[in-house]
>>> print(open('work.csv').read())   # CSV, C-alpha atoms and all ligand atoms
chain,number,residue,atom,x,y,z
A,1,MET,CA,0.0,0.0,0.0
A,2,THR,CA,1.6,3.3,-1.0
A,3,ILE,CA,0.7,6.4,0.9
A,4,ASP,CA,1.8,10.0,0.8
A,5,ILE,CA,3.2,10.6,4.3
A,6,ASP,CA,2.9,14.3,3.9
A,7,ASP,CA,-0.9,13.9,4.0
A,8,TYR,CA,-0.6,12.7,7.6
A,9,ARG,CA,-0.6,15.3,10.4
A,10,ASP,CA,-1.3,15.7,14.1
A,11,VAL,CA,-0.9,13.7,17.3
A,12,TRP,CA,-3.9,11.7,18.4
A,13,VAL,CA,-4.5,10.4,21.9
A,14,PHE,CA,-7.3,7.9,22.6
A,15,VAL,CA,-9.2,8.8,25.8
A,16,GLU,CA,-10.1,5.4,27.3
A,17,GLN,CA,-13.1,5.5,29.6
A,18,HIS,CA,-15.1,3.0,31.6
A,19,GLU,CA,-18.8,4.0,32.3
A,20,GLY,CA,-17.9,7.6,31.8
A,21,ASP,CA,-14.8,7.7,34.0
A,22,ALA,CA,-11.5,8.3,32.1
A,23,ALA,CA,-8.7,5.7,32.6
A,24,PRO,CA,-5.8,7.5,34.3
A,25,VAL,CA,-3.5,6.6,31.3
A,26,SER,CA,-5.6,8.8,29.1
A,27,TRP,CA,-4.5,12.0,30.8
A,28,GLU,CA,-0.9,10.7,31.0
A,29,LEU,CA,-0.9,10.2,27.3
A,30,LEU,CA,-2.5,13.6,26.8
A,31,SER,CA,0.4,15.4,28.6
A,32,LYS,CA,3.0,13.4,26.6
A,33,GLY,CA,1.0,14.0,23.4
A,34,ARG,CA,1.0,17.7,24.1
A,35,GLU,CA,4.8,17.7,24.4
A,36,LEU,CA,5.2,15.7,21.1
A,37,ALA,CA,2.7,17.9,19.3
A,38,ASP,CA,4.6,21.1,20.4
A,39,GLU,CA,7.8,19.6,19.2
A,40,THR,CA,6.5,18.7,15.8
A,41,GLY,CA,4.4,21.9,15.5
A,42,GLU,CA,1.2,19.9,15.0
A,43,SER,CA,-2.1,19.8,16.8
A,44,LEU,CA,-3.0,17.5,19.6
A,45,ILE,CA,-6.4,15.8,19.0
A,46,ALA,CA,-8.2,13.7,21.7
A,47,LEU,CA,-10.5,10.9,20.5
A,48,VAL,CA,-13.3,10.0,22.8
A,49,MET,CA,-15.7,7.1,22.2
A,50,GLY,CA,-18.6,6.0,24.4
A,51,ASP,CA,-22.2,6.6,25.3
A,52,GLY,CA,-22.9,9.9,27.0
A,53,VAL,CA,-19.2,10.9,27.3
A,54,SER,CA,-19.1,14.5,25.9
A,55,HIS,CA,-17.9,15.6,29.3
A,56,LEU,CA,-14.7,13.6,28.7
A,57,ALA,CA,-14.1,15.3,25.3
A,58,GLU,CA,-14.4,18.7,27.0
A,59,GLU,CA,-12.1,17.6,29.8
A,60,ALA,CA,-9.6,16.4,27.2
A,61,VAL,CA,-9.6,19.9,25.7
A,62,ALA,CA,-9.4,21.5,29.1
A,63,ARG,CA,-6.4,19.3,29.8
A,64,GLY,CA,-4.5,20.4,26.8
A,65,ALA,CA,-5.9,18.9,23.6
A,66,ASP,CA,-6.4,21.5,20.8
A,67,HIS,CA,-9.5,19.7,19.6
A,68,ALA,CA,-11.5,16.6,20.6
A,69,LEU,CA,-13.3,14.2,18.3
A,70,LEU,CA,-16.3,12.6,20.0
A,71,ALA,CA,-18.0,9.4,18.8
A,72,ASP,CA,-21.0,9.3,21.1
A,73,ASP,CA,-23.4,6.4,20.6
A,74,PRO,CA,-24.9,3.5,22.6
A,75,VAL,CA,-23.1,1.0,20.3
A,76,PHE,CA,-19.9,2.0,22.2
A,77,GLU,CA,-21.3,0.9,25.7
A,78,PRO,CA,-20.2,-1.6,27.0
A,79,TYR,CA,-16.8,-1.7,25.3
A,80,ARG,CA,-16.3,-4.2,22.5
A,81,ALA,CA,-13.3,-4.4,20.2
A,82,ASP,CA,-15.2,-4.5,16.9
A,83,PRO,CA,-17.2,-1.2,17.1
A,84,TYR,CA,-14.2,0.6,18.7
A,85,GLY,CA,-11.8,-0.7,16.2
A,86,GLU,CA,-14.0,0.0,13.2
A,87,GLN,CA,-14.9,3.5,14.2
A,88,PHE,CA,-11.3,4.3,15.0
A,89,ARG,CA,-10.1,2.8,11.7
A,90,ALA,CA,-12.6,4.8,9.7
A,91,LEU,CA,-11.5,8.1,11.4
A,92,VAL,CA,-7.8,7.3,10.8
A,93,GLU,CA,-8.6,6.7,7.2
A,94,GLU,CA,-10.5,9.9,6.8
A,95,ARG,CA,-8.5,12.3,9.0
A,96,LYS,CA,-4.9,10.8,8.5
A,97,PRO,CA,-3.2,11.4,11.9
A,98,SER,CA,0.6,11.2,11.9
A,99,ILE,CA,0.9,9.8,15.5
A,100,VAL,CA,-1.7,7.7,17.4
A,101,LEU,CA,-1.2,6.9,21.1
A,102,ILE,CA,-3.3,4.4,22.9
A,103,GLY,CA,-3.1,3.2,26.5
A,104,GLY,CA,-1.4,-0.2,26.9
A,105,THR,CA,-4.3,-1.4,28.9
A,106,HIS,CA,-6.5,-4.5,28.3
A,107,THR,CA,-8.8,-2.2,26.2
A,108,GLY,CA,-6.1,-0.5,24.3
A,109,ARG,CA,-4.3,-3.8,23.5
A,110,ASP,CA,-7.5,-5.4,22.5
A,111,PHE,CA,-8.5,-3.0,19.7
A,112,ALA,CA,-5.3,-1.2,18.7
A,113,GLY,CA,-4.4,-4.0,16.2
A,114,ARG,CA,-7.8,-3.5,14.5
A,115,VAL,CA,-6.7,0.0,13.6
A,116,ALA,CA,-3.1,-0.7,12.7
A,117,VAL,CA,-3.6,-3.8,10.5
A,118,PRO,CA,-6.1,-2.2,7.9
A,119,ALA,CA,-3.9,0.9,7.8
A,120,HIS,CA,-0.8,-1.3,7.2
A,121,ALA,CA,0.8,0.6,10.0
A,122,GLY,CA,3.3,-0.6,12.5
A,123,LEU,CA,2.3,-0.7,16.1
A,124,THR,CA,4.9,-0.5,18.9
A,125,ALA,CA,3.2,-2.1,21.9
A,126,ASP,CA,3.8,-1.5,25.6
A,127,CYS,CA,6.1,1.5,25.2
A,128,THR,CA,7.7,3.1,28.3
A,129,GLU,CA,9.3,6.1,26.6
A,130,LEU,CA,8.2,8.3,23.7
A,131,ALA,CA,10.1,11.2,21.9
A,132,VAL,CA,10.4,12.7,18.4
A,133,ASP,CA,13.6,13.0,16.5
A,134,ASP,CA,14.8,16.0,14.5
A,135,GLU,CA,12.6,15.1,11.5
A,136,GLY,CA,9.5,14.8,13.7
A,137,LEU,CA,9.5,11.0,13.6
A,138,LEU,CA,8.1,9.2,16.7
A,139,LEU,CA,10.7,7.3,18.7
A,140,ALA,CA,8.8,4.6,20.6
A,141,SER,CA,10.9,2.7,23.2
A,142,ARG,CA,10.0,-0.4,25.0
A,143,PRO,CA,11.8,-3.3,26.9
A,144,THR,CA,12.6,-6.2,24.7
A,145,PHE,CA,14.2,-9.7,24.9
A,146,GLY,CA,12.3,-10.3,28.1
A,147,GLY,CA,13.5,-7.0,29.5
A,148,ASP,CA,17.2,-7.6,28.8
A,149,ALA,CA,17.4,-4.6,26.4
A,150,MET,CA,15.5,-1.5,25.4
A,151,ALA,CA,14.4,-1.1,21.7
A,152,THR,CA,13.6,2.2,20.1
A,153,ILE,CA,11.4,1.8,17.1
A,154,LYS,CA,10.6,4.3,14.4
A,155,CYS,CA,8.5,4.1,11.3
A,156,PRO,CA,9.9,6.4,8.6
A,157,SER,CA,7.9,5.3,5.6
A,158,HIS,CA,4.4,4.7,6.7
A,159,ARG,CA,1.6,6.4,8.7
A,160,PRO,CA,0.2,6.6,11.2
A,161,GLN,CA,2.9,5.9,13.7
A,162,MET,CA,1.1,3.9,16.4
A,163,ALA,CA,2.0,3.0,19.9
A,164,THR,CA,0.4,1.6,23.0
A,165,VAL,CA,1.9,3.0,26.1
A,166,ARG,CA,2.2,1.5,29.6
A,167,ALA,CA,0.1,3.2,32.3
A,168,GLY,CA,1.9,5.2,34.9
A,169,VAL,CA,5.0,6.2,33.0
A,170,PHE,CA,4.1,9.9,32.4
A,171,ASP,CA,2.6,12.6,34.6
A,172,ALA,CA,-1.1,13.2,34.0
A,173,SER,CA,-2.0,16.5,32.3
A,174,GLU,CA,-3.9,19.1,34.4
A,175,ALA,CA,-7.0,21.2,33.4
A,176,THR,CA,-5.9,24.6,32.2
A,177,LYS,CA,-8.9,25.8,30.1
A,178,ASP,CA,-12.4,26.7,31.2
A,179,ASP,CA,-15.5,24.7,30.2
A,180,VAL,CA,-16.8,27.2,27.6
A,181,ASP,CA,-13.6,27.2,25.6
A,182,ALA,CA,-13.4,23.4,26.0
A,183,ALA,CA,-16.9,22.7,24.7
A,184,ALA,CA,-16.3,24.9,21.6
A,185,ALA,CA,-13.3,22.7,20.6
A,186,VAL,CA,-15.3,19.4,20.6
A,187,GLU,CA,-16.4,18.0,17.2
A,188,GLU,CA,-19.0,15.2,17.2
A,189,VAL,CA,-18.1,12.8,14.4
A,190,ASN,CA,-20.3,10.6,12.2
A,191,VAL,CA,-20.7,7.2,13.9
A,192,VAL,CA,-20.1,4.6,11.2
A,193,VAL,CA,-20.9,1.4,13.2
A,194,THR,CA,-24.2,0.0,14.1
A,195,GLU,CA,-25.4,-2.7,16.5
A,196,GLU,CA,-26.3,-4.8,13.5
A,197,ASP,CA,-22.7,-4.7,12.1
A,198,THR,CA,-21.3,-5.7,15.5
A,199,LEU,CA,-20.4,-9.3,15.8
A,200,SER,CA,-20.0,-9.6,19.6
A,201,THR,CA,-22.6,-9.2,22.4
A,202,VAL,CA,-21.7,-8.8,26.0
A,203,ILE,CA,-23.7,-11.4,28.0
A,204,GLU,CA,-22.2,-10.8,31.5
A,205,ARG,CA,-19.5,-8.7,33.0
A,206,VAL,CA,-17.4,-10.4,35.6
A,207,VAL,CA,-15.0,-8.4,37.8
A,208,SER,CA,-11.5,-9.9,37.5
A,209,ASP,CA,-9.6,-10.5,40.7
A,210,VAL,CA,-6.3,-9.8,39.0
A,211,VAL,CA,-4.7,-7.1,41.0
A,212,ASP,CA,-3.8,-3.7,39.6
A,213,ILE,CA,-1.1,-2.0,41.7
A,214,THR,CA,-0.7,1.0,39.4
A,215,ASP,CA,-3.6,3.0,40.9
A,216,ALA,CA,-2.7,2.4,44.6
A,217,ASP,CA,-2.0,5.4,46.8
A,218,VAL,CA,0.1,3.3,49.1
A,219,VAL,CA,2.4,0.5,48.0
A,220,VAL,CA,4.4,-1.7,50.3
A,221,ALA,CA,7.0,-3.6,48.3
A,222,GLY,CA,9.2,-6.5,49.5
A,223,GLY,CA,12.4,-7.9,47.9
A,224,ALA,CA,14.9,-10.6,48.4
A,225,GLY,CA,15.5,-9.4,51.9
A,226,ALA,CA,12.0,-10.8,52.9
A,227,GLU,CA,13.6,-14.3,52.6
A,228,GLY,CA,10.3,-15.9,51.6
A,229,ASP,CA,8.3,-14.4,54.5
A,230,PHE,CA,6.0,-11.7,53.0
A,231,GLU,CA,3.7,-11.7,56.0
A,232,PRO,CA,5.2,-8.4,57.5
A,233,ILE,CA,4.8,-6.7,54.1
A,234,VAL,CA,1.2,-7.9,53.6
A,235,GLU,CA,0.2,-6.8,57.1
A,236,LEU,CA,1.7,-3.4,56.8
A,237,ALA,CA,0.0,-2.9,53.4
A,238,GLU,CA,-3.3,-4.0,55.0
A,239,ALA,CA,-2.9,-1.6,57.9
A,240,LEU,CA,-2.2,1.3,55.5
A,241,GLY,CA,-5.0,0.3,53.0
A,242,GLY,CA,-2.3,-0.2,50.3
A,243,GLU,CA,-1.2,-2.8,47.8
A,244,VAL,CA,1.6,-5.4,48.2
A,245,ALA,CA,4.3,-5.2,45.5
A,246,ALA,CA,7.7,-6.8,45.0
A,247,SER,CA,11.0,-6.7,43.3
A,248,ARG,CA,11.8,-9.1,40.5
A,249,ALA,CA,14.0,-11.1,42.8
A,250,ALA,CA,10.9,-11.8,45.0
A,251,VAL,CA,8.7,-12.6,42.0
A,252,ASP,CA,11.3,-14.9,40.5
A,253,GLU,CA,11.4,-16.8,43.8
A,254,GLY,CA,7.6,-17.3,43.5
A,255,TRP,CA,6.9,-15.5,46.7
A,256,VAL,CA,4.6,-13.0,45.0
A,257,GLU,CA,2.6,-13.1,41.8
A,258,PRO,CA,4.1,-11.4,38.7
A,259,ALA,CA,1.3,-8.9,38.5
A,260,ARG,CA,2.8,-7.2,41.6
A,261,GLN,CA,6.3,-6.8,40.2
A,262,VAL,CA,7.5,-3.2,40.1
A,263,GLY,CA,10.2,-2.1,37.7
A,264,GLN,CA,11.4,-2.1,34.1
A,265,THR,CA,9.9,-5.4,33.3
A,266,GLY,CA,7.0,-5.1,35.8
A,267,LYS,CA,4.6,-2.3,36.6
A,268,THR,CA,5.3,1.4,36.9
A,269,VAL,CA,3.7,2.9,40.0
A,270,ARG,CA,3.5,6.5,41.3
A,271,PRO,CA,1.8,6.2,44.7
A,272,HIS,CA,1.8,8.8,47.4
A,273,LEU,CA,3.8,6.5,49.6
A,274,TYR,CA,6.1,3.6,48.5
A,275,ILE,CA,7.7,1.5,51.2
A,276,ALA,CA,10.6,-0.6,49.9
A,277,ALA,CA,11.5,-3.4,52.3
A,278,GLY,CA,14.5,-5.6,51.7
A,279,ILE,CA,15.0,-4.1,48.2
A,280,SER,CA,18.5,-3.1,47.3
A,281,GLY,CA,17.6,-0.3,44.7
A,282,ALA,CA,18.7,-1.7,41.4
A,283,VAL,CA,18.1,0.7,38.5
A,284,GLN,CA,15.6,-1.7,36.9
A,285,HIS,CA,13.5,-1.6,40.1
A,286,LEU,CA,13.9,2.2,40.6
A,287,GLU,CA,12.6,2.7,37.1
A,288,GLY,CA,9.2,1.5,38.2
A,289,MET,CA,8.8,3.5,41.4
A,290,ASN,CA,11.1,6.6,41.3
A,291,ASP,CA,8.2,9.0,40.7
A,292,SER,CA,6.5,8.1,44.0
A,293,ASP,CA,5.7,11.1,46.2
A,294,TYR,CA,7.4,9.6,49.3
A,295,VAL,CA,9.8,6.7,49.4
A,296,VAL,CA,10.6,4.9,52.7
A,297,ALA,CA,13.3,2.3,52.6
A,298,VAL,CA,13.9,-0.5,55.2
A,299,ASN,CA,17.2,-2.3,54.7
A,300,THR,CA,19.8,-4.0,56.9
A,301,ASP,CA,22.6,-2.6,54.7
A,302,PRO,CA,23.2,1.1,55.4
A,303,ASN,CA,25.0,1.4,52.1
A,304,ALA,CA,22.1,0.0,50.0
A,305,ALA,CA,21.5,2.1,46.9
A,306,ILE,CA,17.7,2.4,47.7
A,307,PHE,CA,18.6,4.9,50.6
A,308,GLU,CA,19.8,7.4,48.0
A,309,HIS,CA,16.3,7.4,46.5
A,310,ALA,CA,14.4,7.4,49.7
A,311,ASP,CA,12.9,10.3,51.6
A,312,TYR,CA,13.1,8.3,54.9
A,313,GLY,CA,15.4,5.4,55.6
A,314,ILE,CA,15.4,2.8,58.4
A,315,VAL,CA,18.4,0.6,58.8
A,316,GLY,CA,17.1,-2.6,60.2
A,317,ASP,CA,15.6,-6.0,59.7
A,318,LEU,CA,12.3,-5.8,57.9
A,319,HIS,CA,11.0,-8.7,60.0
A,320,GLU,CA,11.3,-6.4,63.1
A,321,VAL,CA,10.8,-3.0,61.6
A,322,LEU,CA,7.6,-3.7,59.6
A,323,PRO,CA,5.7,-5.4,62.4
A,324,ALA,CA,6.6,-2.5,64.7
A,325,LEU,CA,5.3,0.0,62.2
A,326,THR,CA,2.1,-2.0,61.7
A,327,ALA,CA,1.5,-2.2,65.4
A,328,MET,CA,2.0,1.6,65.7
A,329,ILE,CA,-0.4,2.3,62.9
A,330,ARG,CA,-3.0,-0.1,64.3
A,331,GLU,CA,-2.7,1.5,67.7
A,332,LYS,CA,-3.3,5.0,66.2
A,333,GLN,CA,-6.3,3.7,64.2
A,334,GLU,CA,-7.8,2.2,67.3
A,335,VAL,CA,-7.4,5.5,69.2
A,336,ALA,CA,-9.0,7.4,66.3
A,337,VAL,CA,-12.1,5.0,66.4
A,401,LIG,C1,16.8,-6.4,31.9
A,401,LIG,C2,16.5,-6.5,33.4
A,401,LIG,C3,15.2,-6.1,33.8
A,401,LIG,C4,14.9,-6.1,35.2
A,401,LIG,N1,13.7,-5.8,35.6
A,401,LIG,C5,13.4,-5.7,36.9
A,401,LIG,C6,12.1,-5.2,37.4
A,401,LIG,O1,11.2,-4.9,36.6
A,401,LIG,N2,12.0,-5.1,38.7
A,401,LIG,C7,13.0,-5.4,39.6
A,401,LIG,O2,12.7,-5.3,40.8
A,401,LIG,N3,14.2,-5.9,39.2
A,401,LIG,C8,14.4,-6.0,37.9
A,401,LIG,N4,15.6,-6.6,37.5
A,401,LIG,C9,16.5,-7.2,38.5
A,401,LIG,C10,17.3,-6.1,39.2
A,401,LIG,O3,18.5,-5.9,38.5
A,401,LIG,C11,17.7,-6.7,40.6
A,401,LIG,O4,18.3,-7.9,40.5
A,401,LIG,C12,16.5,-6.8,41.5
A,401,LIG,O5,15.7,-5.6,41.5
A,401,LIG,C13,17.0,-7.1,42.9
A,401,LIG,O6,15.9,-7.4,43.8
A,401,LIG,P1,16.0,-7.1,45.3
A,401,LIG,O7,16.4,-5.7,45.6
A,401,LIG,O8,14.8,-7.6,45.9
A,401,LIG,O9,17.2,-8.1,45.7
A,401,LIG,P2,18.7,-7.9,46.1
A,401,LIG,O10,19.4,-7.0,45.2
A,401,LIG,O11,19.3,-9.2,46.4
A,401,LIG,O12,18.6,-7.0,47.5
A,401,LIG,C14,18.0,-7.5,48.7
A,401,LIG,C15,18.2,-6.4,49.7
A,401,LIG,O13,17.6,-6.8,50.9
A,401,LIG,C16,18.4,-6.4,52.0
A,401,LIG,N5,18.1,-7.3,53.1
A,401,LIG,C17,18.5,-8.6,53.3
A,401,LIG,N6,17.9,-9.1,54.4
A,401,LIG,C18,17.2,-8.1,54.9
A,401,LIG,C19,16.3,-8.0,56.0
A,401,LIG,N7,16.1,-9.0,56.8
A,401,LIG,N8,15.7,-6.8,56.2
A,401,LIG,C20,15.8,-5.7,55.4
A,401,LIG,N9,16.6,-5.8,54.3
A,401,LIG,C21,17.3,-6.9,54.1
A,401,LIG,C22,19.9,-6.5,51.5
A,401,LIG,O14,20.7,-5.7,52.2
A,401,LIG,C23,19.7,-6.1,50.0
A,401,LIG,O15,19.9,-4.7,49.9
A,401,LIG,C24,15.9,-6.6,36.1
A,401,LIG,C25,17.2,-6.9,35.7
A,401,LIG,C26,17.5,-6.9,34.3
A,401,LIG,C27,18.8,-7.2,33.9
>>> encode(input="work.csv", output="structure tokens", more="lines below")
Ligand SMILES: Cc1cc2nc3c(=O)[nH]c(=O)nc-3n(C[C@H](O)[C@H](O)[C@H](O)COP(=O)(O)OP(=O)(O)OC[C@H]3O[C@@H](n4cnc5c(N)ncnc54)[C@H](O)[C@@H]3O)c2cc1C
Amino acid sequence: MTIDIDDYRDVWVFVEQHEGDAAPVSWELLSKGRELADETGESLIALVMGDGVSHLAEEAVARGADHALLADDPVFEPYRADPYGEQFRALVEERKPSIVLIGGTHTGRDFAGRVAVPAHAGLTADCTELAVDDEGLLLASRPTFGGDAMATIKCPSHRPQMATVRAGVFDASEATKDDVDAAAAVEEVNVVVTEEDTLSTVIERVVSDVVDITDADVVVAGGAGAEGDFEPIVELAEALGGEVAASRAAVDEGWVEPARQVGQTGKTVRPHLYIAAGISGAVQHLEGMNDSDYVVAVNTDPNAAIFEHADYGIVGDLHEVLPALTAMIREKQEVAV
């Protein structure tokens, strides 16, 4: 398929939503998209699909998009890959964006290929870094070879340049425009899919019990120093209402499920409080938690690298320090009740 790449312009960000609430990754991509659009001198366009979601299109503009495209129709609720993919595909074909960014979530991964394949476009999945080069080409980076190397991929001869991006790797954009200005920049697009065209029907929605540590406000992470006993970590996390996480060393030992691994080949978290217990502070681990608001490290080795990245450090055995912290927190909670 030959295309004229000069026909393709602008940076698009897909605003993922669930029952009218935006997925946090949407606003993270919007802030990165703004940066890329400013560098390439193009517009940043938000694409919102759903039923009764015009408020999100306005919010996307308030948070920095130049313009929002809104496909608002009952066919988009609940989410199914075929209407989303087909609507997105049709808009890409008609409007010709240069860069398309989609969250690397279950939803984004599910339908992004349905946009990329008919467009004969490349799709770099699960990116953790994005930039543009001097010619305005998207540089999409992601871990590869099981995390042993980082690959930077560019797509010089085809458009659009598409990427799915891991949640939690960029700061979310903030609202800067008022509602009136925002509403004026929303364009309702022609919905090209109907219920009759749609092959799938949702019979039942079952809430998965797979954990998602990326949204937690408090994360208590354990490493090899836990020596197989995660109980103090679990109890402190429970006392603080937070999630349990782990270094790769702890996951490799089978002490904790892989969905809880933090780092380059795990999840990226940015909680208000991150407690790293028995974790040395390897760069690959730091990559997944370095943007936490407050880091508290507990380690027997006063020279452990993690202390250089911690706001508060406790030199000691986690099997003594964590139960003491948990007991103090429980005591305060009882007094408060
Ligand atoms: C390509 C690649 C990708 C990787 N991706 C990831 C990733 O996503 N996430 C990740 O975490 N790692 C990743 N790693 C592995 C990383 O390099 C480290 O090996 C790993 O993070 C070490 O885990 P750790 O800190 O738990 O263990 P260690 O480095 O063994 O550290 C254990 C720490 O516990 C302390 N300690 C021991 N006993 C106690 C105790 N009783 N109380 C308190 N402290 C104690 C020790 O002093 C030590 O500092 C990756 C490596 C590579 C090469």
>>> closest_residue(input="work.csv", among="A:Gly122, A:Arg330, A:Glu86, A:Trp12", to="Leu69 of chain A", atoms="only C-alpha atoms")
A:Trp12
>>> residues_near_ligand(input="work.csv", ligand="ligand LIG 401 (chain A)", cutoff="8 Å", atoms="only C-alpha atoms and all ligand atoms", output="PyMOL selection string")
chain A and resi 143+146-149+222-227+246-250+261-267+277-288+298-302+304-306+315-319
>>> closest_atom_pairs(input="work.csv", of="segment 1-44 of chain A", to="segment 95-108 of chain A", cutoff="10 Å", atoms="all atoms listed in the file", output="JSON lines")
{"residue": "A:Ile5", "atom": "CA", "partner": "A:Ser98", "partner_atom": "CA", "distance": 8.1}
{"residue": "A:Asp6", "atom": "CA", "partner": "A:Ser98", "partner_atom": "CA", "distance": 8.9}
{"residue": "A:Asp7", "atom": "CA", "partner": "A:Lys96", "partner_atom": "CA", "distance": 6.8}
{"residue": "A:Tyr8", "atom": "CA", "partner": "A:Ser98", "partner_atom": "CA", "distance": 4.7}
{"residue": "A:Arg9", "atom": "CA", "partner": "A:Ser98", "partner_atom": "CA", "distance": 4.5}
{"residue": "A:Asp10", "atom": "CA", "partner": "A:Pro97", "partner_atom": "CA", "distance": 5.2}
{"residue": "A:Val11", "atom": "CA", "partner": "A:Ile99", "partner_atom": "CA", "distance": 4.7}
{"residue": "A:Trp12", "atom": "CA", "partner": "A:Val100", "partner_atom": "CA", "distance": 4.7}
{"residue": "A:Val13", "atom": "CA", "partner": "A:Leu101", "partner_atom": "CA", "distance": 4.9}
{"residue": "A:Phe14", "atom": "CA", "partner": "A:Ile102", "partner_atom": "CA", "distance": 5.3}
{"residue": "A:Val15", "atom": "CA", "partner": "A:Ile102", "partner_atom": "CA", "distance": 7.9}
{"residue": "A:Glu16", "atom": "CA", "partner": "A:Gly103", "partner_atom": "CA", "distance": 7.4}
{"residue": "A:Gln17", "atom": "CA", "partner": "A:Thr107", "partner_atom": "CA", "distance": 9.5}
{"residue": "A:His18", "atom": "CA", "partner": "A:Thr107", "partner_atom": "CA", "distance": 9.8}
{"residue": "A:Ala23", "atom": "CA", "partner": "A:Gly103", "partner_atom": "CA", "distance": 8.6}
{"residue": "A:Pro24", "atom": "CA", "partner": "A:Gly103", "partner_atom": "CA", "distance": 9.3}
{"residue": "A:Val25", "atom": "CA", "partner": "A:Gly103", "partner_atom": "CA", "distance": 5.9}
{"residue": "A:Ser26", "atom": "CA", "partner": "A:Gly103", "partner_atom": "CA", "distance": 6.7}
{"residue": "A:Trp27", "atom": "CA", "partner": "A:Gly103", "partner_atom": "CA", "distance": 9.9}
{"residue": "A:Glu28", "atom": "CA", "partner": "A:Gly103", "partner_atom": "CA", "distance": 9.0}
{"residue": "A:Leu29", "atom": "CA", "partner": "A:Leu101", "partner_atom": "CA", "distance": 7.0}
{"residue": "A:Leu30", "atom": "CA", "partner": "A:Leu101", "partner_atom": "CA", "distance": 8.9}
{"residue": "A:Lys32", "atom": "CA", "partner": "A:Leu101", "partner_atom": "CA", "distance": 9.5}
{"residue": "A:Gly33", "atom": "CA", "partner": "A:Leu101", "partner_atom": "CA", "distance": 7.8}
{"residue": "A:Leu36", "atom": "CA", "partner": "A:Ile99", "partner_atom": "CA", "distance": 9.2}
{"residue": "A:Ala37", "atom": "CA", "partner": "A:Ile99", "partner_atom": "CA", "distance": 9.1}
{"residue": "A:Glu42", "atom": "CA", "partner": "A:Ser98", "partner_atom": "CA", "distance": 9.3}
{"residue": "A:Ser43", "atom": "CA", "partner": "A:Pro97", "partner_atom": "CA", "distance": 9.8}
{"residue": "A:Leu44", "atom": "CA", "partner": "A:Ile99", "partner_atom": "CA", "distance": 9.6}
>>> closest_residue(input="work.csv", among="A:Glu243, A:Asp66, A:Asp229, A:Asp291", to="Val169 of chain A", atoms="only C-alpha atoms")
A:Asp291
>>> closest_residue(input="work.csv", among="A:Ala185, A:Ile213, A:Leu139, A:Leu123", to="Arg63 of chain A", atoms="all atoms listed in the file")
A:Ala185
>>> closest_residue(input="work.csv", among="A:Pro160, A:Gly64, A:Pro83, A:Gly113", to="Ser31 of chain A", atoms="only C-alpha atoms")
A:Gly64
>>> atom_distance(input="work.csv", atom1="atom CA of Glu231 of chain A", atom2="atom CA of Val335 of chain A")
24.4 Å
>>> closest_atom_pairs(input="work.csv", of="segment 54-170 of chain A", to="segment 198-210 of chain A", cutoff="8 Å", atoms="all atoms listed in the file", output="JSON lines")
{"residue": "A:Pro78", "atom": "CA", "partner": "A:Val202", "partner_atom": "CA", "distance": 7.4}
{"residue": "A:Arg80", "atom": "CA", "partner": "A:Ser200", "partner_atom": "CA", "distance": 7.2}
{"residue": "A:Asp82", "atom": "CA", "partner": "A:Thr198", "partner_atom": "CA", "distance": 6.4}
{"residue": "A:Pro83", "atom": "CA", "partner": "A:Thr198", "partner_atom": "CA", "distance": 6.3}
>>> closest_residue(input="work.csv", among="A:Ala216, A:Ala239, A:Val296, A:Ala175", to="Glu331 of chain A", atoms="all atoms listed in the file")
A:Ala239
>>> atom_distance(input="work.csv", atom1="atom CA of Ala151 of chain A", atom2="atom CA of Leu138 of chain A")
13.1 Å
>>> atom_distance(input="work.csv", atom1="atom CA of Asp4 of chain A", atom2="atom CA of Gly85 of chain A")
23.2 Å
>>> residues_around(input="work.csv", residues="Gly50 of chain A", least_positions_apart="2", cutoff="6 Å", atoms="only C-alpha atoms", output="compact mmCIF listing (two decimals) with C-alpha atoms, keeping the file's coordinate frame")
# COMPACT_ATOMS: atom_id res chain seq x y z
CA VAL A 53 -19.20 10.90 27.30
CA ASP A 72 -21.00 9.30 21.10
CA PHE A 76 -19.90 2.00 22.20
CA GLU A 77 -21.30 0.90 25.70
>>> residues_around(input="work.csv", residues="Thr152 of chain A", least_positions_apart="5", cutoff="8 Å", atoms="all atoms listed in the file", output="ChimeraX atom specification")
/A:139-142
>>> residues_around(input="work.csv", residues="Val219 of chain A", least_positions_apart="5", cutoff="8 Å", atoms="only C-alpha atoms", output="list in words")
Ile213, Ala237, Gly242, Glu243, Val244, Ala245, Pro271, Leu273, Tyr274 and Ile275 of chain A
>>> residues_around(input="work.csv", residues="Ala90 of chain A", least_positions_apart="5", cutoff="12 Å", atoms="all atoms listed in the file", output="mmCIF file with C-alpha atoms, in the frame of the given file")
data_model
loop_
_atom_site.group_PDB
_atom_site.id
_atom_site.type_symbol
_atom_site.label_atom_id
_atom_site.label_comp_id
_atom_site.auth_asym_id
_atom_site.auth_seq_id
_atom_site.Cartn_x
_atom_site.Cartn_y
_atom_site.Cartn_z
ATOM 1 C CA ALA A 71 -18.000 9.400 18.800
ATOM 2 C CA PRO A 83 -17.200 -1.200 17.100
ATOM 3 C CA TYR A 84 -14.200 0.600 18.700
ATOM 4 C CA GLY A 85 -11.800 -0.700 16.200
ATOM 5 C CA ARG A 95 -8.500 12.300 9.000
ATOM 6 C CA LYS A 96 -4.900 10.800 8.500
ATOM 7 C CA PRO A 97 -3.200 11.400 11.900
ATOM 8 C CA ARG A 114 -7.800 -3.500 14.500
ATOM 9 C CA VAL A 115 -6.700 0.000 13.600
ATOM 10 C CA ALA A 116 -3.100 -0.700 12.700
ATOM 11 C CA PRO A 118 -6.100 -2.200 7.900
ATOM 12 C CA ALA A 119 -3.900 0.900 7.800
ATOM 13 C CA VAL A 189 -18.100 12.800 14.400
ATOM 14 C CA ASN A 190 -20.300 10.600 12.200
ATOM 15 C CA VAL A 191 -20.700 7.200 13.900
ATOM 16 C CA VAL A 192 -20.100 4.600 11.200
ATOM 17 C CA VAL A 193 -20.900 1.400 13.200
#
